[in-house]
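Notes to accompany the following structure.
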Amino acid sequence: MLSKILLMPFTLLYGISIAFRNFLYDQKYLRSIRFDIPVINVGNLSTGGTGKTPHVDYLIDLLKAHYPLGVLSRGYRRKTSGYMDVKTNHSARDVGDEPLLLKWKHPEIEVAVSEDRSIGIPSLASQKPPKFTVLLDDAFQHRGIRAGLNILLTPYHELYTDDFLLPAGNLREFKSGAKRADLIIVTHSPQKLTQQEKDRIKTKLSPQDYQHVFFSFLDYHPLYQVFKDGVTLISPKKDSDILLLTGIANHSKMKDYLAAKFNKLYERSFPDHHTFTNQDVESIINTYKDLKGKDKYIITTEKDLTRLFPHAHAFNNLGIKVLCLPIKINFEAKEKQRFNKTIHFFIEKTLEEYLTIEEEEYDGH
């Protein structure tokens, strides 16, 4: 608490700059671009750990059989700049770990990175077939563009209503920015929530009349071995030594899940988006060697895998079994149906309006 008090003067200065920027956009001194095609933005008010990438992944699974689809991301911490189409043979250093992961999982769809979404969206959508839909990964604060549908994520245990602006807290802008959202998803929720608990959280969030609130939870899939040809599912015994290796914003849920499955769980955690160096890998391997059990494994996330991949040979040369724990998000059955219908309705409505405008312009000529 003392540290937050000491940081309050800096928070005040940061808040003034954010308030002035939003004032310029709200009063239209700065321009926001709206596109005719369906654009869905998945973002948050905080600095990370809300589960943006799994939610974008969910939307891809939901939509890719129905519409030509593209994903646009900033490509956080990439070493390149400008607009780039993401290829499966890129590295995380080239395009960022999250865009690369989405391309690995969905090689059939378009994935691109661009710091400037107002340039990135037209570049991604150019010469694409009708009904092309764009998913924006983490563009809630990028007010230079106006997505047709804004989805705001907030974690169940760290609601934005309980947080503060940077640097005293983790919010990138004022809580009032949530009013720009059309849908609010409370992420990392328990799989089974009572209606009373849902109502309690909705009361805290105090959504606007036009906003719908949903609750998503993490759904873990079977472990599989990486750095090998093909996909091999592996189920370690309960008494195996497990080294949990992560470089993500929040791994507490994953840790709790694995702790319930294995008696001996150790961990090495790094900052979110951490680029693993040779020295890091050597240190990780030494930690692994110190584990006393006969059966021992390293378990990591799919996102971390994109940054560990350049070091695959270091693990393979020593016969270290590195396993990946895939994560999906899901909703309760009724909420899932309602959420999916909301997404499809937005896209169909936007496409109908777009085609009507095109027809009217054509008739006018």
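Convention: chains lettered A, B, ... in structure tokens order; per-chain residue numbering from 1; ligands numbered from 1 as shown.
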
List as an MDAnalysis selection string the protein and nucleic acid residues near A:Lys175, meaning an atom at most 9 Å away when only C-alpha atoms are counted, but skip any in the same chain fewer than 4 places from it. chainID A and resid 45 160:161 163:165 171 179

Residues of stretch 25-105 of chain A in helix (DSSP H, G or I), written as a JSON list (two decimals) with all heavy atoms, in the first residue's frame:
[["chain", "number", "residue", "atom", "x", "y", "z"],
["A", 25, "TYR", "N", -9.98, 12.91, -28.62],
["A", 25, "TYR", "CA", -10.77, 11.98, -29.44],
["A", 25, "TYR", "C", -12.27, 12.18, -29.24],
["A", 25, "TYR", "O", -13.04, 12.20, -30.21],
["A", 25, "TYR", "CB", -10.39, 10.53, -29.11],
["A", 25, "TYR", "CG", -9.16, 10.04, -29.85],
["A", 25, "TYR", "CD1", -7.97, 9.81, -29.17],
["A", 25, "TYR", "CD2", -9.20, 9.81, -31.23],
["A", 25, "TYR", "CE1", -6.84, 9.38, -29.85],
["A", 25, "TYR", "CE2", -8.07, 9.37, -31.91],
["A", 25, "TYR", "CZ", -6.90, 9.16, -31.22],
["A", 25, "TYR", "OH", -5.78, 8.73, -31.89],
["A", 26, "ASP", "N", -12.69, 12.37, -28.00],
["A", 26, "ASP", "CA", -14.11, 12.54, -27.73],
["A", 26, "ASP", "C", -14.67, 13.80, -28.38],
["A", 26, "ASP", "O", -15.83, 13.81, -28.84],
["A", 26, "ASP", "CB", -14.36, 12.59, -26.22],
["A", 26, "ASP", "CG", -14.07, 11.26, -25.53],
["A", 26, "ASP", "OD1", -14.06, 10.23, -26.23],
["A", 26, "ASP", "OD2", -13.84, 11.27, -24.30],
["A", 52, "LYS", "N", -6.28, -12.40, -23.63],
["A", 52, "LYS", "CA", -6.69, -11.92, -24.95],
["A", 52, "LYS", "C", -6.50, -12.97, -26.03],
["A", 52, "LYS", "O", -7.41, -13.22, -26.85],
["A", 52, "LYS", "CB", -5.92, -10.65, -25.32],
["A", 52, "LYS", "CG", -6.28, -9.42, -24.52],
["A", 52, "LYS", "CD", -5.58, -8.19, -25.04],
["A", 52, "LYS", "CE", -4.08, -8.33, -25.08],
["A", 52, "LYS", "NZ", -3.47, -8.45, -23.74],
["A", 53, "THR", "N", -5.32, -13.58, -26.08],
["A", 53, "THR", "CA", -5.03, -14.51, -27.17],
["A", 53, "THR", "C", -5.96, -15.73, -27.16],
["A", 53, "THR", "O", -6.48, -16.10, -28.22],
["A", 53, "THR", "CB", -3.55, -14.95, -27.12],
["A", 53, "THR", "OG1", -2.72, -13.78, -27.22],
["A", 53, "THR", "CG2", -3.22, -15.87, -28.28],
["A", 54, "PRO", "N", -6.23, -16.37, -26.02],
["A", 54, "PRO", "CA", -7.21, -17.48, -26.04],
["A", 54, "PRO", "C", -8.60, -17.05, -26.49],
["A", 54, "PRO", "O", -9.32, -17.83, -27.12],
["A", 54, "PRO", "CB", -7.22, -17.97, -24.59],
["A", 54, "PRO", "CG", -5.90, -17.56, -24.03],
["A", 54, "PRO", "CD", -5.57, -16.27, -24.70],
["A", 55, "HIS", "N", -8.99, -15.81, -26.21],
["A", 55, "HIS", "CA", -10.30, -15.33, -26.65],
["A", 55, "HIS", "C", -10.32, -15.05, -28.15],
["A", 55, "HIS", "O", -11.32, -15.31, -28.83],
["A", 55, "HIS", "CB", -10.72, -14.10, -25.85],
["A", 55, "HIS", "CG", -11.19, -14.43, -24.46],
["A", 55, "HIS", "ND1", -10.31, -14.71, -23.43],
["A", 55, "HIS", "CD2", -12.44, -14.55, -23.93],
["A", 55, "HIS", "CE1", -11.00, -14.98, -22.32],
["A", 55, "HIS", "NE2", -12.28, -14.89, -22.60],
["A", 56, "VAL", "N", -9.23, -14.53, -28.67],
["A", 56, "VAL", "CA", -9.12, -14.37, -30.13],
["A", 56, "VAL", "C", -9.15, -15.74, -30.79],
["A", 56, "VAL", "O", -9.80, -15.95, -31.82],
["A", 56, "VAL", "CB", -7.84, -13.60, -30.51],
["A", 56, "VAL", "CG1", -7.66, -13.58, -32.04],
["A", 56, "VAL", "CG2", -7.90, -12.17, -29.98],
["A", 57, "ASP", "N", -8.44, -16.69, -30.19],
["A", 57, "ASP", "CA", -8.43, -18.06, -30.70],
["A", 57, "ASP", "C", -9.84, -18.65, -30.72],
["A", 57, "ASP", "O", -10.24, -19.33, -31.67],
["A", 57, "ASP", "CB", -7.51, -18.91, -29.81],
["A", 57, "ASP", "CG", -7.36, -20.34, -30.28],
["A", 57, "ASP", "OD1", -7.20, -20.56, -31.49],
["A", 57, "ASP", "OD2", -7.41, -21.25, -29.43],
["A", 58, "TYR", "N", -10.62, -18.37, -29.69],
["A", 58, "TYR", "CA", -12.02, -18.84, -29.63],
["A", 58, "TYR", "C", -12.81, -18.25, -30.79],
["A", 58, "TYR", "O", -13.59, -18.96, -31.45],
["A", 58, "TYR", "CB", -12.64, -18.44, -28.30],
["A", 58, "TYR", "CG", -14.10, -18.84, -28.17],
["A", 58, "TYR", "CD1", -14.45, -20.06, -27.59],
["A", 58, "TYR", "CD2", -15.12, -18.01, -28.62],
["A", 58, "TYR", "CE1", -15.79, -20.44, -27.47],
["A", 58, "TYR", "CE2", -16.45, -18.38, -28.51],
["A", 58, "TYR", "CZ", -16.78, -19.59, -27.94],
["A", 58, "TYR", "OH", -18.10, -19.97, -27.85],
["A", 59, "LEU", "N", -12.64, -16.95, -31.04],
["A", 59, "LEU", "CA", -13.37, -16.30, -32.12],
["A", 59, "LEU", "C", -12.97, -16.87, -33.49],
["A", 59, "LEU", "O", -13.81, -17.02, -34.37],
["A", 59, "LEU", "CB", -13.12, -14.79, -32.08],
["A", 59, "LEU", "CG", -13.76, -14.03, -30.92],
["A", 59, "LEU", "CD1", -13.28, -12.59, -30.88],
["A", 59, "LEU", "CD2", -15.29, -14.08, -31.03],
["A", 60, "ILE", "N", -11.70, -17.19, -33.64],
["A", 60, "ILE", "CA", -11.25, -17.80, -34.90],
["A", 60, "ILE", "C", -11.96, -19.13, -35.11],
["A", 60, "ILE", "O", -12.49, -19.41, -36.20],
["A", 60, "ILE", "CB", -9.72, -17.98, -34.91],
["A", 60, "ILE", "CG1", -9.02, -16.63, -34.88],
["A", 60, "ILE", "CG2", -9.29, -18.77, -36.14],
["A", 60, "ILE", "CD1", -7.53, -16.71, -34.69],
["A", 61, "ASP", "N", -11.97, -19.97, -34.08],
["A", 61, "ASP", "CA", -12.65, -21.26, -34.18],
["A", 61, "ASP", "C", -14.14, -21.08, -34.49],
["A", 61, "ASP", "O", -14.73, -21.86, -35.24],
["A", 61, "ASP", "CB", -12.49, -22.05, -32.88],
["A", 61, "ASP", "CG", -11.12, -22.66, -32.72],
["A", 61, "ASP", "OD1", -10.48, -22.95, -33.76],
["A", 61, "ASP", "OD2", -10.67, -22.85, -31.57],
["A", 62, "LEU", "N", -14.73, -20.05, -33.91],
["A", 62, "LEU", "CA", -16.16, -19.80, -34.11],
["A", 62, "LEU", "C", -16.47, -19.34, -35.53],
["A", 62, "LEU", "O", -17.50, -19.72, -36.10],
["A", 62, "LEU", "CB", -16.62, -18.72, -33.10],
["A", 62, "LEU", "CG", -18.05, -18.20, -33.24],
["A", 62, "LEU", "CD1", -19.06, -19.31, -32.95],
["A", 62, "LEU", "CD2", -18.27, -17.01, -32.32],
["A", 63, "LEU", "N", -15.58, -18.55, -36.12],
["A", 63, "LEU", "CA", -15.92, -17.82, -37.35],
["A", 63, "LEU", "C", -15.29, -18.35, -38.63],
["A", 63, "LEU", "O", -15.82, -18.12, -39.73],
["A", 63, "LEU", "CB", -15.54, -16.34, -37.19],
["A", 63, "LEU", "CG", -16.22, -15.58, -36.04],
["A", 63, "LEU", "CD1", -15.62, -14.20, -35.92],
["A", 63, "LEU", "CD2", -17.72, -15.52, -36.26],
["A", 92, "ALA", "N", 9.33, -15.55, -33.13],
["A", 92, "ALA", "CA", 8.65, -14.60, -32.26],
["A", 92, "ALA", "C", 9.34, -13.23, -32.30],
["A", 92, "ALA", "O", 8.70, -12.20, -32.13],
["A", 92, "ALA", "CB", 8.61, -15.13, -30.84],
["A", 93, "ARG", "N", 10.65, -13.24, -32.53],
["A", 93, "ARG", "CA", 11.38, -11.97, -32.65],
["A", 93, "ARG", "C", 10.93, -11.21, -33.88],
["A", 93, "ARG", "O", 10.96, -9.98, -33.90],
["A", 93, "ARG", "CB", 12.89, -12.23, -32.71],
["A", 93, "ARG", "CG", 13.47, -12.74, -31.41],
["A", 93, "ARG", "CD", 14.93, -13.13, -31.59],
["A", 93, "ARG", "NE", 15.76, -11.98, -31.93],
["A", 93, "ARG", "CZ", 16.33, -11.18, -31.06],
["A", 93, "ARG", "NH1", 16.14, -11.36, -29.77],
["A", 93, "ARG", "NH2", 17.07, -10.16, -31.46],
["A", 94, "ASP", "N", 10.53, -11.91, -34.93],
["A", 94, "ASP", "CA", 10.09, -11.26, -36.17],
["A", 94, "ASP", "C", 8.73, -10.60, -36.02],
["A", 94, "ASP", "O", 8.52, -9.48, -36.49],
["A", 94, "ASP", "CB", 10.01, -12.27, -37.32],
["A", 94, "ASP", "CG", 11.34, -12.87, -37.70],
["A", 94, "ASP", "OD1", 12.36, -12.16, -37.57],
["A", 94, "ASP", "OD2", 11.37, -14.03, -38.12],
["A", 95, "VAL", "N", 7.79, -11.32, -35.40],
["A", 95, "VAL", "CA", 6.38, -10.89, -35.44],
["A", 95, "VAL", "C", 5.69, -10.83, -34.09],
["A", 95, "VAL", "O", 4.52, -10.44, -34.01],
["A", 95, "VAL", "CB", 5.57, -11.82, -36.38],
["A", 95, "VAL", "CG1", 6.07, -11.70, -37.81],
["A", 95, "VAL", "CG2", 5.63, -13.27, -35.92],
["A", 97, "ASP", "N", 5.17, -13.07, -30.14],
["A", 97, "ASP", "CA", 4.81, -14.44, -29.79],
["A", 97, "ASP", "C", 3.33, -14.75, -30.02],
["A", 97, "ASP", "O", 2.98, -15.84, -30.51],
["A", 97, "ASP", "CB", 5.20, -14.75, -28.34],
["A", 97, "ASP", "CG", 4.68, -13.73, -27.33],
["A", 97, "ASP", "OD1", 3.93, -12.82, -27.72],
["A", 97, "ASP", "OD2", 5.05, -13.84, -26.14],
["A", 98, "GLU", "N", 2.43, -13.81, -29.71],
["A", 98, "GLU", "CA", 0.99, -14.09, -29.83],
["A", 98, "GLU", "C", 0.54, -14.22, -31.29],
["A", 98, "GLU", "O", -0.18, -15.16, -31.63],
["A", 98, "GLU", "CB", 0.20, -13.03, -29.07],
["A", 98, "GLU", "CG", 0.40, -13.15, -27.55],
["A", 98, "GLU", "CD", 0.00, -11.90, -26.79],
["A", 98, "GLU", "OE1", -0.18, -10.84, -27.44],
["A", 98, "GLU", "OE2", -0.13, -11.98, -25.55],
["A", 99, "PRO", "N", 0.93, -13.29, -32.18],
["A", 99, "PRO", "CA", 0.56, -13.48, -33.60],
["A", 99, "PRO", "C", 1.13, -14.77, -34.18],
["A", 99, "PRO", "O", 0.46, -15.45, -34.97],
["A", 99, "PRO", "CB", 1.15, -12.24, -34.29],
["A", 99, "PRO", "CG", 1.28, -11.23, -33.22],
["A", 99, "PRO", "CD", 1.61, -12.00, -31.97],
["A", 100, "LEU", "N", 2.37, -15.11, -33.80],
["A", 100, "LEU", "CA", 2.97, -16.33, -34.31],
["A", 100, "LEU", "C", 2.20, -17.56, -33.82],
["A", 100, "LEU", "O", 1.94, -18.49, -34.60],
["A", 100, "LEU", "CB", 4.43, -16.43, -33.88],
["A", 100, "LEU", "CG", 5.19, -17.67, -34.36],
["A", 100, "LEU", "CD1", 5.21, -17.74, -35.89],
["A", 100, "LEU", "CD2", 6.62, -17.69, -33.81],
["A", 101, "LEU", "N", 1.80, -17.56, -32.56],
["A", 101, "LEU", "CA", 1.03, -18.68, -32.03],
["A", 101, "LEU", "C", -0.29, -18.84, -32.78],
["A", 101, "LEU", "O", -0.67, -19.96, -33.15],
["A", 101, "LEU", "CB", 0.76, -18.45, -30.54],
["A", 101, "LEU", "CG", -0.18, -19.47, -29.86],
["A", 101, "LEU", "CD1", 0.35, -20.88, -30.00],
["A", 101, "LEU", "CD2", -0.39, -19.10, -28.39],
["A", 102, "LEU", "N", -0.99, -17.73, -33.04],
["A", 102, "LEU", "CA", -2.26, -17.80, -33.76],
["A", 102, "LEU", "C", -2.05, -18.33, -35.19],
["A", 102, "LEU", "O", -2.89, -19.08, -35.71],
["A", 102, "LEU", "CB", -2.93, -16.43, -33.78],
["A", 102, "LEU", "CG", -3.44, -15.93, -32.43],
["A", 102, "LEU", "CD1", -3.91, -14.48, -32.53],
["A", 102, "LEU", "CD2", -4.58, -16.82, -31.91],
["A", 103, "LYS", "N", -0.95, -17.96, -35.81],
["A", 103, "LYS", "CA", -0.66, -18.46, -37.16],
["A", 103, "LYS", "C", -0.33, -19.94, -37.12],
["A", 103, "LYS", "O", -0.74, -20.71, -38.01],
["A", 103, "LYS", "CB", 0.49, -17.67, -37.78],
["A", 103, "LYS", "CG", 0.76, -18.01, -39.25],
["A", 103, "LYS", "CD", -0.42, -17.66, -40.14],
["A", 103, "LYS", "CE", -0.12, -17.97, -41.60],
["A", 103, "LYS", "NZ", -1.26, -17.65, -42.49],
["A", 104, "TRP", "N", 0.42, -20.38, -36.12],
["A", 104, "TRP", "CA", 0.72, -21.81, -35.97],
["A", 104, "TRP", "C", -0.57, -22.62, -35.82],
["A", 104, "TRP", "O", -0.73, -23.67, -36.43],
["A", 104, "TRP", "CB", 1.58, -22.03, -34.73],
["A", 104, "TRP", "CG", 3.04, -21.76, -34.92],
["A", 104, "TRP", "CD1", 3.65, -21.28, -36.04],
["A", 104, "TRP", "CD2", 4.08, -21.95, -33.95],
["A", 104, "TRP", "NE1", 5.00, -21.16, -35.84],
["A", 104, "TRP", "CE2", 5.29, -21.57, -34.56],
["A", 104, "TRP", "CE3", 4.10, -22.39, -32.63],
["A", 104, "TRP", "CZ2", 6.51, -21.63, -33.90],
["A", 104, "TRP", "CZ3", 5.31, -22.44, -31.96],
["A", 104, "TRP", "CH2", 6.51, -22.07, -32.59],
["A", 105, "LYS", "N", -1.49, -22.10, -35.01],
["A", 105, "LYS", "CA", -2.71, -22.84, -34.73],
["A", 105, "LYS", "C", -3.72, -22.76, -35.89],
["A", 105, "LYS", "O", -4.55, -23.66, -36.04],
["A", 105, "LYS", "CB", -3.36, -22.30, -33.45],
["A", 105, "LYS", "CG", -2.50, -22.47, -32.21],
["A", 105, "LYS", "CD", -3.18, -21.99, -30.96],
["A", 105, "LYS", "CE", -4.22, -22.98, -30.48],
["A", 105, "LYS", "NZ", -4.73, -22.65, -29.13]]

Nearest to A:Gly319 by atom-to-atom distance, counting only C-alpha atoms, from A:His274, A:Lys336, A:Lys64, A:Lys289: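 For A:Gly319, the nearest of the given residues is A:Lys289.
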
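With only C-alpha atoms as the atoms that count, the minimum distance from A:Tyr288 to the choices A:Asp241, A:Asp256, A:Asp85, A:Glu108 is reached by A:Asp241.
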
Using only C-alpha atoms, find each residue in stretch 192-265 of chain A having at least one atom no more than 10 Å away from stretch 137-155 of chain A; report its shortest atom-to-atom pair and that distance in Å (one decimal), rows by chain then rising number, as a tab-separated table.
residue	atom	partner	partner_atom	distance
A:Leu205	CA	A:Thr154	CA	9.9
A:Gln211	CA	A:Ile151	CA	9.8
A:His212	CA	A:Ile151	CA	9.7
A:Val213	CA	A:Leu152	CA	9.5
A:Phe214	CA	A:Leu153	CA	9.6
A:Phe215	CA	A:Pro155	CA	9.5
A:Ser216	CA	A:Pro155	CA	9.4
A:Phe217	CA	A:Pro155	CA	9.9

Contacts of A:Pro326 at 10 Å (only C-alpha atoms; same-chain gap of 6+ positions) as JSON, numbers by chain: {"A": [54, 219, 220, 221, 222, 223, 224, 300, 301, 302, 303]}

Write out the residues from the selection above, keeping all heavy atoms, as a short mmCIF file (atom, residue, chain, number, x, y, z; two decimals), in the first residue's frame.
data_model
loop_
_atom_site.label_atom_id
_atom_site.label_comp_id
_atom_site.auth_asym_id
_atom_site.auth_seq_id
_atom_site.Cartn_x
_atom_site.Cartn_y
_atom_site.Cartn_z
N PRO A 54 -6.23 -16.37 -26.02
CA PRO A 54 -7.21 -17.48 -26.04
C PRO A 54 -8.60 -17.05 -26.49
O PRO A 54 -9.32 -17.83 -27.12
CB PRO A 54 -7.22 -17.97 -24.59
CG PRO A 54 -5.90 -17.56 -24.03
CD PRO A 54 -5.57 -16.27 -24.70
N ASP A 219 -10.18 -23.82 -20.11
CA ASP A 219 -10.42 -25.24 -20.37
C ASP A 219 -9.09 -25.85 -20.83
O ASP A 219 -8.59 -25.51 -21.91
CB ASP A 219 -11.49 -25.37 -21.46
CG ASP A 219 -12.04 -26.78 -21.58
OD1 ASP A 219 -11.65 -27.62 -20.76
OD2 ASP A 219 -12.84 -27.03 -22.50
N TYR A 220 -8.49 -26.69 -19.99
CA TYR A 220 -7.19 -27.27 -20.30
C TYR A 220 -7.35 -28.54 -21.12
O TYR A 220 -8.19 -29.38 -20.82
CB TYR A 220 -6.42 -27.58 -19.01
CG TYR A 220 -6.07 -26.33 -18.23
CD1 TYR A 220 -6.82 -25.94 -17.13
CD2 TYR A 220 -4.99 -25.55 -18.59
CE1 TYR A 220 -6.51 -24.79 -16.40
CE2 TYR A 220 -4.67 -24.40 -17.88
CZ TYR A 220 -5.43 -24.03 -16.80
OH TYR A 220 -5.12 -22.90 -16.10
N HIS A 221 -6.50 -28.68 -22.14
CA HIS A 221 -6.54 -29.84 -23.02
C HIS A 221 -5.36 -30.77 -22.70
O HIS A 221 -4.44 -30.38 -21.96
CB HIS A 221 -6.53 -29.38 -24.47
CG HIS A 221 -7.84 -28.80 -24.91
ND1 HIS A 221 -8.46 -29.13 -26.08
CD2 HIS A 221 -8.67 -27.90 -24.31
CE1 HIS A 221 -9.60 -28.47 -26.19
NE2 HIS A 221 -9.74 -27.71 -25.13
N PRO A 222 -5.33 -31.99 -23.25
CA PRO A 222 -4.28 -32.95 -22.89
C PRO A 222 -2.87 -32.45 -23.22
O PRO A 222 -2.65 -31.73 -24.20
CB PRO A 222 -4.63 -34.18 -23.75
CG PRO A 222 -6.09 -34.07 -23.99
CD PRO A 222 -6.36 -32.61 -24.11
N LEU A 223 -1.93 -32.83 -22.37
CA LEU A 223 -0.52 -32.49 -22.58
C LEU A 223 0.03 -33.21 -23.81
O LEU A 223 -0.31 -34.36 -24.07
CB LEU A 223 0.31 -32.91 -21.36
CG LEU A 223 0.09 -32.11 -20.07
CD1 LEU A 223 0.58 -32.91 -18.88
CD2 LEU A 223 0.81 -30.77 -20.15
N TYR A 224 0.90 -32.51 -24.55
CA TYR A 224 1.57 -33.17 -25.67
C TYR A 224 3.04 -32.77 -25.69
O TYR A 224 3.41 -31.69 -25.23
CB TYR A 224 0.89 -32.84 -27.00
CG TYR A 224 0.94 -31.38 -27.41
CD1 TYR A 224 2.00 -30.88 -28.19
CD2 TYR A 224 -0.07 -30.49 -27.06
CE1 TYR A 224 2.04 -29.56 -28.59
CE2 TYR A 224 -0.04 -29.16 -27.44
CZ TYR A 224 1.02 -28.70 -28.21
OH TYR A 224 1.07 -27.38 -28.60
N THR A 300 5.18 -26.32 -20.25
CA THR A 300 5.11 -24.90 -20.58
C THR A 300 3.82 -24.61 -21.34
O THR A 300 3.00 -25.50 -21.57
CB THR A 300 6.35 -24.49 -21.41
OG1 THR A 300 6.41 -23.06 -21.51
CG2 THR A 300 6.31 -25.10 -22.80
N THR A 301 3.64 -23.35 -21.72
CA THR A 301 2.43 -22.94 -22.44
C THR A 301 2.71 -22.85 -23.94
O THR A 301 3.87 -22.79 -24.36
CB THR A 301 1.94 -21.57 -21.96
OG1 THR A 301 2.87 -20.56 -22.41
CG2 THR A 301 1.85 -21.52 -20.44
N GLU A 302 1.65 -22.81 -24.71
CA GLU A 302 1.82 -22.66 -26.17
C GLU A 302 2.45 -21.31 -26.50
O GLU A 302 3.25 -21.21 -27.43
CB GLU A 302 0.46 -22.80 -26.85
CG GLU A 302 -0.08 -24.22 -26.83
CD GLU A 302 -1.41 -24.35 -27.54
OE1 GLU A 302 -2.32 -23.55 -27.25
OE2 GLU A 302 -1.55 -25.26 -28.38
N LYS A 303 2.09 -20.30 -25.77
CA LYS A 303 2.67 -18.97 -26.01
C LYS A 303 4.17 -18.97 -25.73
O LYS A 303 4.96 -18.41 -26.51
CB LYS A 303 1.96 -17.94 -25.12
CG LYS A 303 2.48 -16.52 -25.26
CD LYS A 303 1.63 -15.57 -24.42
CE LYS A 303 2.29 -14.23 -24.24
NZ LYS A 303 1.48 -13.31 -23.43
#

Restricting the calculation to only C-alpha atoms: of A:Arg200, A:Arg31, A:Arg307, A:Lys341, which residue gets closest to A:Gly96?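 Checking each candidate against A:Gly96, we get A:Arg307 as the closest.
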
A:Gln208 proximity check over A:Pro190, A:Gly177, A:Gly230, A:Pro167, using only C-alpha atoms: winner is A:Gly177

What's around A:Gln191 at 12 Å? Count only C-alpha atoms, leave out sequence neighbours fewer than 2 positions away in its own chain, and write the answer as a ChimeraX atom specification. /A:156,186-189,193-194,198,215-220,329-333

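Proximity ranking of A:Val231, A:Phe270, A:Ala168, A:Pro310 relative to A:Met8 places A:Ala168 first, based on only C-alpha atoms.
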
Using only C-alpha atoms, determine which residues lie at most 8 Å from A:Leu166, disregarding the query and same-chain residues fewer than 5 positions distant; provide the list as a PyMOL selection string. chain A and resi 11+14+171-172

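Minimum distance to A:Pro68 across A:Gln195, A:Thr133, A:Thr350, A:Thr275 (counting only C-alpha atoms) occurs at A:Thr133.
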
Quick one, how far is atom CA of A:Gly49 from atom CA of A:Ala178? 17.0 Å

Selection: 12 Å around stretch 313-318 of chain A, only C-alpha atoms, excl. self and same-chain fewer than 4 positions, as a PyMOL selection string: chain A and resi 225-229+277-286+288-289+297-298+308-309+322-323

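Separating atom CA of A:Gly120 from atom CA of A:Leu72 is a distance of 7.1 Å.
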
Test item, strand (DSSP E or B) assignment across stretch 10-49 of chain A, answer as a VMD selection string: chain A and resid 33 to 34 39 to 44 46

Give me the residues near A:Asp272 as a PDB file with N, CA and C atoms, in the first residue's frame, where near means some atom within 6 Å (using only C-alpha atoms) and where sequence neighbours in that chain fewer than 2 positions away do not count.
ATOM      1  N   GLY A 247       6.506 -17.741 -19.098  1.00  0.00           N
ATOM      2  CA  GLY A 247       6.868 -16.347 -19.303  1.00  0.00           C
ATOM      3  C   GLY A 247       5.621 -15.615 -19.751  1.00  0.00           C
ATOM      4  N   ILE A 248       4.591 -15.674 -18.913  1.00  0.00           N
ATOM      5  CA  ILE A 248       3.305 -15.052 -19.214  1.00  0.00           C
ATOM      6  C   ILE A 248       2.905 -14.146 -18.058  1.00  0.00           C
ATOM      7  N   ALA A 249       1.889 -13.318 -18.275  1.00  0.00           N
ATOM      8  CA  ALA A 249       1.528 -12.314 -17.270  1.00  0.00           C
ATOM      9  C   ALA A 249       0.975 -12.947 -16.001  1.00  0.00           C
ATOM     10  N   HIS A 274       8.822 -12.716 -22.338  1.00  0.00           N
ATOM     11  CA  HIS A 274      10.271 -12.804 -22.158  1.00  0.00           C
ATOM     12  C   HIS A 274      10.932 -13.555 -23.313  1.00  0.00           C
TER      13      HIS A 274
END
